[in-house]
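Asks: Next comes work.txt, compact mmCIF, C-alpha atoms:
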```txt
# COMPACT_ATOMS: atom_id res chain seq x y z
CA MET A 96 110.79 125.11 72.24
CA ASN A 97 109.18 128.40 71.39
CA PRO A 98 109.74 130.45 74.58
CA ASP A 99 106.17 131.77 74.50
CA THR A 100 104.83 128.21 74.24
CA LEU A 101 107.02 127.12 77.14
CA ASP A 102 105.77 130.01 79.25
CA LEU A 103 102.11 129.28 78.49
CA LEU A 104 102.42 125.55 79.18
CA LYS A 105 104.09 126.19 82.53
CA LYS A 106 100.86 127.92 83.63
CA THR A 107 98.23 125.69 81.97
CA SER A 108 96.60 122.71 83.66
CA VAL A 109 96.99 119.24 82.22
CA ALA A 110 93.19 118.97 82.32
CA THR A 111 92.90 121.91 79.94
CA ILE A 112 95.63 120.53 77.70
CA THR A 113 93.88 117.16 77.37
CA THR A 114 90.68 118.97 76.38
CA GLN A 115 92.52 120.85 73.66
CA LEU A 116 94.08 117.61 72.43
CA PHE A 117 90.64 115.97 72.44
CA LYS A 118 89.36 118.78 70.19
CA ARG A 119 92.12 117.83 67.76
CA GLY A 120 91.18 114.16 67.79
CA LEU A 121 93.69 112.91 70.35
CA ARG A 122 91.90 110.94 73.06
CA ASN A 123 94.88 109.10 74.56
CA ALA A 124 97.41 111.72 75.64
CA TYR A 125 97.28 111.40 79.45
CA ILE A 126 99.80 109.00 80.97
CA GLN A 127 97.90 106.53 83.11
CA GLY A 128 99.00 105.13 86.46
CA VAL A 129 101.68 107.69 87.38
CA ALA A 130 101.63 110.36 90.06
CA ARG A 131 103.96 113.12 91.17
CA LEU A 132 106.37 111.83 93.81
CA THR A 133 108.24 115.03 94.55
CA ARG A 134 106.87 118.15 96.18
CA PRO A 135 104.94 120.61 94.00
CA SER A 136 106.93 123.51 92.60
CA THR A 137 106.04 126.80 90.98
CA GLY A 138 104.97 126.14 87.42
CA ASN A 139 104.45 122.91 85.54
CA MET A 140 107.09 120.48 84.39
CA VAL A 141 107.50 121.21 80.68
CA GLY A 142 110.04 119.98 78.16
CA PRO A 143 110.64 117.88 75.05
CA ALA A 144 110.69 114.13 75.61
CA PHE A 145 113.94 112.15 75.67
CA THR A 146 113.00 108.49 75.87
CA LEU A 147 114.40 105.26 77.27
CA ARG A 148 112.95 101.87 76.36
CA ASN A 149 113.11 98.80 78.59
CA ILE A 150 112.21 95.21 77.78
CA PRO A 151 111.84 92.38 80.32
CA ALA A 152 115.09 91.37 82.03
CA ARG A 153 116.82 88.06 81.32
CA GLU A 154 118.92 86.44 84.01
CA ASP A 155 121.93 85.55 81.86
CA LEU A 156 122.25 89.12 80.57
CA ASP A 157 121.18 91.37 83.42
CA GLN A 158 123.90 91.01 86.04
CA LEU A 159 125.47 93.74 88.21
CA SER A 160 128.58 93.60 86.03
CA VAL A 161 126.70 95.32 83.18
CA PHE A 162 127.07 98.61 85.06
CA ASP A 163 130.85 98.41 84.63
CA ASP A 164 130.20 99.52 81.05
CA PRO A 165 129.68 103.33 80.99
CA MET A 166 127.69 102.84 77.78
CA HIS A 167 125.04 100.74 79.53
CA PRO A 168 121.80 102.10 78.02
CA GLN A 169 120.30 103.19 81.36
CA ARG A 170 123.42 105.11 82.40
CA LYS A 171 124.05 106.41 78.89
CA ALA A 172 120.50 107.79 78.78
CA ILE A 173 121.00 109.75 82.01
CA GLU A 174 124.20 111.23 80.57
CA SER A 175 122.56 112.01 77.21
CA VAL A 176 119.36 113.86 78.14
CA PRO A 177 119.75 117.43 76.83
CA PRO A 178 119.16 120.27 79.29
CA GLY A 179 115.50 121.24 79.46
CA HIS A 180 114.28 117.82 78.31
CA VAL A 181 112.16 115.34 80.26
CA LEU A 182 113.39 111.75 80.53
CA VAL A 183 110.43 109.45 79.81
CA ILE A 184 110.99 105.78 80.63
CA ASP A 185 109.04 102.86 79.19
CA CYS A 186 108.78 100.18 81.89
CA ARG A 187 105.70 98.46 80.42
CA GLY A 188 103.84 99.34 83.64
CA GLU A 189 106.06 96.94 85.59
CA THR A 190 106.41 98.07 89.22
CA ARG A 191 108.12 95.07 90.85
CA ALA A 192 111.52 96.71 90.46
CA ALA A 193 112.86 100.24 90.27
CA SER A 194 113.48 102.11 87.03
CA GLY A 195 116.05 104.30 88.81
CA GLY A 196 117.07 105.70 92.16
CA GLN A 197 118.38 108.76 93.96
CA ILE A 198 121.85 108.86 92.38
CA LEU A 199 120.58 108.67 88.80
CA THR A 200 117.78 111.14 89.50
CA THR A 201 120.21 113.56 91.09
CA ARG A 202 122.53 113.30 88.10
CA LEU A 203 119.62 114.01 85.75
CA MET A 204 118.70 117.07 87.78
CA ILE A 205 122.28 118.37 87.96
CA ARG A 206 122.66 118.00 84.21
CA GLY A 207 119.68 120.31 83.71
CA GLY A 208 116.92 117.83 82.92
CA ALA A 209 113.41 119.20 83.22
CA GLY A 210 111.97 116.11 84.91
CA LEU A 211 111.50 112.36 84.98
CA VAL A 212 108.46 110.30 84.02
CA SER A 213 108.32 106.52 84.35
CA ASP A 214 105.42 104.10 84.19
CA GLY A 215 107.49 101.89 86.48
CA ALA A 216 108.55 102.29 90.08
CA ILE A 217 111.49 104.07 91.66
CA ARG A 218 113.72 103.22 94.63
CA ASP A 219 115.01 105.66 97.28
CA SER A 220 111.53 107.09 97.03
CA VAL A 221 111.61 108.94 100.36
CA GLU A 222 114.82 110.75 99.46
CA ILE A 223 113.67 111.49 95.92
CA GLY A 224 110.33 112.68 97.27
CA ALA A 225 112.16 115.46 99.11
CA MET A 226 113.96 116.69 95.98
CA ASP A 227 113.05 119.94 94.26
CA PHE A 228 112.72 118.19 90.90
CA PRO A 229 109.66 116.90 89.02
CA VAL A 230 109.42 113.10 89.24
CA TYR A 231 106.33 111.17 88.15
CA VAL A 232 106.28 107.39 88.73
CA ALA A 233 103.89 104.48 89.18
CA GLY A 234 105.07 103.63 92.68
CA ALA A 235 108.01 102.72 94.88
CA SER A 236 109.99 99.50 94.75
CA ALA A 237 113.30 98.64 96.43
CA PRO A 238 114.72 96.00 94.03
CA LEU A 239 117.11 97.38 91.41
CA ASN A 240 116.06 97.68 87.80
CA LEU A 241 117.94 94.55 86.65
CA VAL A 242 115.39 92.36 88.45
CA CYS A 243 112.73 93.20 85.88
CA HIS A 244 114.14 95.59 83.27
CA HIS A 245 116.65 95.35 80.46
CA ALA A 246 117.39 98.89 79.26
CA LEU A 247 117.61 98.58 75.49
CA GLU A 248 117.69 101.86 73.60
CA GLN A 249 117.27 105.60 73.98
CA ASN A 250 115.43 108.31 72.09
CA VAL A 251 113.13 106.00 70.15
CA PRO A 252 109.32 105.89 70.13
CA ILE A 253 108.03 104.24 73.31
CA GLY A 254 104.86 103.58 75.23
CA CYS A 255 104.53 105.08 78.70
CA GLY A 256 101.39 104.62 80.75
CA GLY A 257 99.54 103.52 77.63
CA VAL A 258 100.51 106.62 75.63
CA ALA A 259 102.74 106.72 72.56
CA VAL A 260 105.68 109.05 73.21
CA TYR A 261 107.97 110.12 70.39
CA PRO A 262 111.29 111.87 70.97
CA GLY A 263 110.69 115.61 70.96
CA ASP A 264 107.02 115.40 71.96
CA ILE A 265 106.22 118.02 74.57
CA VAL A 266 105.73 116.62 78.09
CA VAL A 267 103.65 118.65 80.55
CA GLY A 268 103.14 117.64 84.17
CA ASP A 269 101.19 119.32 86.97
CA ALA A 270 99.93 118.16 90.35
CA GLU A 271 97.31 115.99 88.63
CA GLY A 272 99.45 114.13 86.13
CA VAL A 273 101.26 114.16 82.79
CA ALA A 274 100.12 114.84 79.22
CA ILE A 275 101.98 114.35 75.95
CA ILE A 276 101.58 116.94 73.18
CA PRO A 277 102.79 116.10 69.66
CA ALA A 278 105.56 118.59 68.94
CA HIS A 279 103.90 119.99 65.83
CA MET A 280 100.77 120.87 67.82
CA ALA A 281 102.48 122.45 70.82
CA ASP A 282 102.25 126.11 69.81
CA GLU A 283 98.56 126.08 68.94
CA VAL A 284 97.60 123.85 71.88
CA ALA A 285 99.40 126.19 74.28
CA ARG A 286 97.72 129.26 72.79
CA ASP A 287 94.22 127.81 72.74
CA ALA A 288 94.61 126.23 76.19
CA ALA A 289 95.51 129.62 77.65
CA GLU A 290 92.40 131.11 76.03
CA GLN A 291 90.26 128.28 77.41
CA GLU A 292 91.49 128.93 80.93
CA VAL A 293 90.61 132.63 80.74
CA MET A 294 87.10 131.71 79.60
CA GLU A 295 86.75 129.11 82.34
CA LEU A 296 87.84 131.62 84.96
CA PHE A 297 84.93 133.79 83.86
CA LEU A 298 82.50 130.86 83.76
CA LEU A 299 83.53 129.72 87.23
CA GLU A 300 82.91 133.23 88.53
CA ARG A 301 79.41 133.11 87.03
CA ILE A 302 78.62 129.64 88.36
CA SER A 303 79.86 130.68 91.81
CA GLY A 304 77.48 133.61 91.57
CA GLY A 305 74.48 131.34 91.02
CA ALA A 306 74.29 130.98 87.23
CA THR A 307 72.84 127.72 85.93
CA LEU A 308 74.74 125.36 83.64
CA PRO A 309 72.42 125.83 80.64
CA GLY A 310 73.65 128.84 78.73
CA THR A 311 76.77 129.14 80.88
CA TYR A 312 78.68 125.91 80.43
CA PRO A 313 79.00 125.63 77.48
CA PRO A 314 78.57 129.39 76.98
CA SER A 315 75.75 130.75 74.87
CA ALA A 316 76.18 133.72 72.54
CA GLU A 317 74.90 135.98 75.33
CA THR A 318 77.43 134.55 77.79
CA ARG A 319 80.23 134.99 75.26
CA ALA A 320 79.26 138.62 74.81
CA ALA A 321 79.35 139.10 78.58
CA PHE A 322 82.75 137.42 78.62
CA ASP A 323 84.13 139.92 76.12
CA VAL A 324 83.02 142.77 78.38
CA TRP A 325 84.40 141.07 81.49
CA ARG A 326 87.72 140.41 79.79
CA LYS A 327 88.17 144.03 78.79
CA GLN A 328 87.37 145.12 82.33
CA LYS A 329 89.93 142.67 83.73
CA GLY A 330 92.54 143.56 81.13
CA LEU A 331 93.01 139.91 80.19
```
Reformat the file's structure so that it appears as structure tokens.
Replies:
Amino acid sequence: MNPDTLDLLKKTSVATITTQLFKRGLRNAYIQGVARLTRPSTGNMVGPAFTLRNIPAREDLDQLSVFDDPMHPQRKAIESVPPGHVLVIDCRGETRAASGGQILTTRLMIRGGAGLVSDGAIRDSVEIGAMDFPVYVAGASAPLNLVCHHALEQNVPIGCGGVAVYPGDIVVGDAEGVAIIPAHMADEVARDAAEQEVMELFLLERISGGATLPGTYPPSAETRAAFDVWRKQKGL
């Protein structure tokens, strides 16, 4: 990633990012049904997507013995995520079984992953919840993944929380949730989102001071002129 883009996205809210994506015609970029499990940290979770696709489990194939193979797709994915990337798991919204647990999540963190997003559940949720590592999931579930999930392939286009995620898309997560930015849009979205947040800081100051919505939000030409003065004064 462009280091400047990474820096901007670490400080920009997912709400602002989804607005910028909406301006570019993308209405479905916010992953539905997931929430941050682990404690908030300084800065957003940001990184390119590395994906894992699951299909429904089948009893004759998904036995504990499959984990004897180090190339099992779930385990191989954990060992393949490049440093700085976010593992995004397609569980089809199925939360009756875990999509991972504490050992796999710890390995992902130690390898330098930037975070984990799954539209399924996770086990060892109390222990994972205490980790200093971004984890976004759809819930907690004790049964192991083989009950419901057959890990099939990695780094392919997937769906997660109703959103199309392609390998290399930029994943941004804050306390509110997770957005997916197409990689080719990341630089301009980050730049314009940062500009939007400076403007909204000014508008919030005005609204807090008693200004009415008409002419302020959205800003009129007069309000924009006042913003330019305010920005120079603030050195922003």
Asks: Work out how far apart atom CA of A:Gly179 and atom CA of A:Gly207 are and give it in Å to one decimal.
Replies: 6.0 Å
Asks: Would you mind listing, for every residue of stretch 106-154 of chain A within 7 Å of stretch 185-198 of chain A, the two atoms forming the shortest contact and the distance between them in Å to one decimal, using only C-alpha atoms, sorted by chain and ascending residue number, as CSV?
Replies:
```
residue,atom,partner,partner_atom,distance
A:Leu147,CA,A:Asp185,CA,6.2
A:Arg148,CA,A:Asp185,CA,4.9
A:Asn149,CA,A:Cys186,CA,5.6
```
Asks: What are the closest atom pairs, with distances in Å to one decimal, for all residues of stretch 165-246 of chain A lying within 12 Å of stretch 132-146 of chain A? Consider only C-alpha atoms, order rows by chain and residue number, and present the result as CSV.
Replies:
```
residue,atom,partner,partner_atom,distance
A:Pro168,CA,A:Thr146,CA,11.1
A:Gln169,CA,A:Thr146,CA,10.6
A:Lys171,CA,A:Thr146,CA,11.6
A:Ala172,CA,A:Thr146,CA,8.1
A:Ile173,CA,A:Phe145,CA,9.8
A:Glu174,CA,A:Phe145,CA,11.4
A:Ser175,CA,A:Phe145,CA,8.8
A:Val176,CA,A:Phe145,CA,6.2
A:Pro177,CA,A:Phe145,CA,7.9
A:Pro178,CA,A:Gly142,CA,9.2
A:Gly179,CA,A:Gly142,CA,5.8
A:His180,CA,A:Gly142,CA,4.8
A:Val181,CA,A:Ala144,CA,5.0
A:Leu182,CA,A:Phe145,CA,4.9
A:Val183,CA,A:Thr146,CA,4.8
A:Ile184,CA,A:Thr146,CA,5.8
A:Asp185,CA,A:Thr146,CA,7.6
A:Cys186,CA,A:Thr146,CA,11.1
A:Gln197,CA,A:Thr133,CA,11.9
A:Thr200,CA,A:Thr133,CA,11.5
A:Leu203,CA,A:Phe145,CA,11.7
A:Gly207,CA,A:Gly142,CA,11.1
A:Gly208,CA,A:Gly142,CA,8.6
A:Ala209,CA,A:Gly142,CA,6.1
A:Gly210,CA,A:Met140,CA,6.6
A:Leu211,CA,A:Met140,CA,9.3
A:Val212,CA,A:Thr146,CA,9.5
A:Ser213,CA,A:Thr146,CA,9.9
A:Ala216,CA,A:Leu132,CA,10.5
A:Ile217,CA,A:Leu132,CA,9.5
A:Arg218,CA,A:Leu132,CA,11.4
A:Asp219,CA,A:Leu132,CA,11.2
A:Ser220,CA,A:Leu132,CA,7.7
A:Val221,CA,A:Leu132,CA,8.9
A:Glu222,CA,A:Thr133,CA,9.3
A:Ile223,CA,A:Thr133,CA,6.6
A:Gly224,CA,A:Thr133,CA,4.2
A:Ala225,CA,A:Thr133,CA,6.0
A:Met226,CA,A:Thr133,CA,6.1
A:Asp227,CA,A:Arg134,CA,6.7
A:Phe228,CA,A:Thr133,CA,6.6
A:Pro229,CA,A:Thr133,CA,6.0
A:Val230,CA,A:Leu132,CA,5.6
A:Tyr231,CA,A:Leu132,CA,5.7
A:Val232,CA,A:Leu132,CA,6.7
A:Ala233,CA,A:Leu132,CA,9.0
A:Gly234,CA,A:Leu132,CA,8.4
A:Ala235,CA,A:Leu132,CA,9.3
A:Ala246,CA,A:Thr146,CA,11.1
```
Asks: Given the choices A:Tyr261, A:Ile275, A:Glu292, A:Cys243, which gets closest to A:Leu121 if the distance is worked out from all atoms listed in the file?
Replies: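 Ranked by minimum distance to A:Leu121, first place goes to A:Ile275.
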Asks: Atom CA of A:Glu248 and atom CA of A:Leu104 are how many Å apart?
Replies: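 Between atom CA of A:Glu248 and atom CA of A:Leu104 the gap works out to 28.7 Å.
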Asks: Ranking A:Leu103, A:Arg122, A:Arg131, A:Gln249 by minimum distance to A:Gly268 and counting only C-alpha atoms, which one comes first?
Replies: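 Of A:Leu103, A:Arg122, A:Arg131, A:Gln249, the one nearest A:Gly268, counting only C-alpha atoms, is A:Arg131.
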Asks: To one decimal place in Å, what is the distance between atom CA of A:Ala259 and atom CA of A:Ile150?
Replies: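 According to the coordinates, atom CA of A:Ala259 and atom CA of A:Ile150 are separated by 15.8 Å.
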Asks: Would you list the contacts of stretch 156-161 of chain A as number ranges by chain, taking every protein, DNA or RNA residue within 7 Å and counting all atoms listed in the file, but skipping same-chain residues closer than 3 positions in sequence?
Replies: A: 152-153, 164, 167, 241, 245
Asks: Quick one: everything within 6 Å of A:Gly256, counting only C-alpha atoms, minus sequence neighbours fewer than 4 positions away in the same chain. Send it as a tab-separated table (two decimals) with C-alpha atoms, keeping the file's coordinate frame.
Replies:
```
chain	number	residue	atom	x	y	z
A	126	ILE	CA	99.80	109.00	80.97
A	127	GLN	CA	97.90	106.53	83.11
A	214	ASP	CA	105.42	104.10	84.19
```
Asks: Given the choices A:Asp323, A:Asp155, A:Met204, A:Val273, which gets closest to A:Val293 if the distance is worked out from all atoms listed in the file?
Replies: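 Closest candidate: A:Asp323.
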Asks: Closest to A:Lys105 among A:Ala270, A:Gly310, A:Arg206, A:Asp264, using all atoms listed in the file?
Replies: A:Ala270
Asks: Taking (78.2, 127.4, 79.8) in the file's coordinates as the center, which residues reach within 12 Å of it, counting only C-alpha atoms, put as a VMD selection string?
Replies: chain A and resid 294 to 302 306 to 319 321 to 322
Asks: Residues of the last selection are to be written out with C-alpha atoms, as a CSV table (one decimal), in the coordinates of the input.
Replies:
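Written out: selection20.csv:
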```csv
chain,number,residue,atom,x,y,z
A,294,MET,CA,87.1,131.7,79.6
A,295,GLU,CA,86.8,129.1,82.3
A,296,LEU,CA,87.8,131.6,85.0
A,297,PHE,CA,84.9,133.8,83.9
A,298,LEU,CA,82.5,130.9,83.8
A,299,LEU,CA,83.5,129.7,87.2
A,300,GLU,CA,82.9,133.2,88.5
A,301,ARG,CA,79.4,133.1,87.0
A,302,ILE,CA,78.6,129.6,88.4
A,306,ALA,CA,74.3,131.0,87.2
A,307,THR,CA,72.8,127.7,85.9
A,308,LEU,CA,74.7,125.4,83.6
A,309,PRO,CA,72.4,125.8,80.6
A,310,GLY,CA,73.6,128.8,78.7
A,311,THR,CA,76.8,129.1,80.9
A,312,TYR,CA,78.7,125.9,80.4
A,313,PRO,CA,79.0,125.6,77.5
A,314,PRO,CA,78.6,129.4,77.0
A,315,SER,CA,75.8,130.8,74.9
A,316,ALA,CA,76.2,133.7,72.5
A,317,GLU,CA,74.9,136.0,75.3
A,318,THR,CA,77.4,134.6,77.8
A,319,ARG,CA,80.2,135.0,75.3
A,321,ALA,CA,79.4,139.1,78.6
A,322,PHE,CA,82.8,137.4,78.6
```
Asks: Could you check the closest approach to A:Ile112 for each of A:Leu247, A:Ala130, A:Val258, A:Ala124 and tell me which residue wins, using only C-alpha atoms?
Replies: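 Smallest separation from A:Ile112 among the options: A:Ala124.
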Asks: Draw an axis-aligned box tight on the listed atoms of stretch 232-238 of chain A, then pad every side by 3 Å and write out centre and edge lengths in Å to one decimal as lines of an AutoDock Vina configuration file.
Replies:
```
center_x = 109.3
center_y = 101.7
center_z = 92.6
size_x = 16.8
size_y = 17.4
size_z = 13.7
```
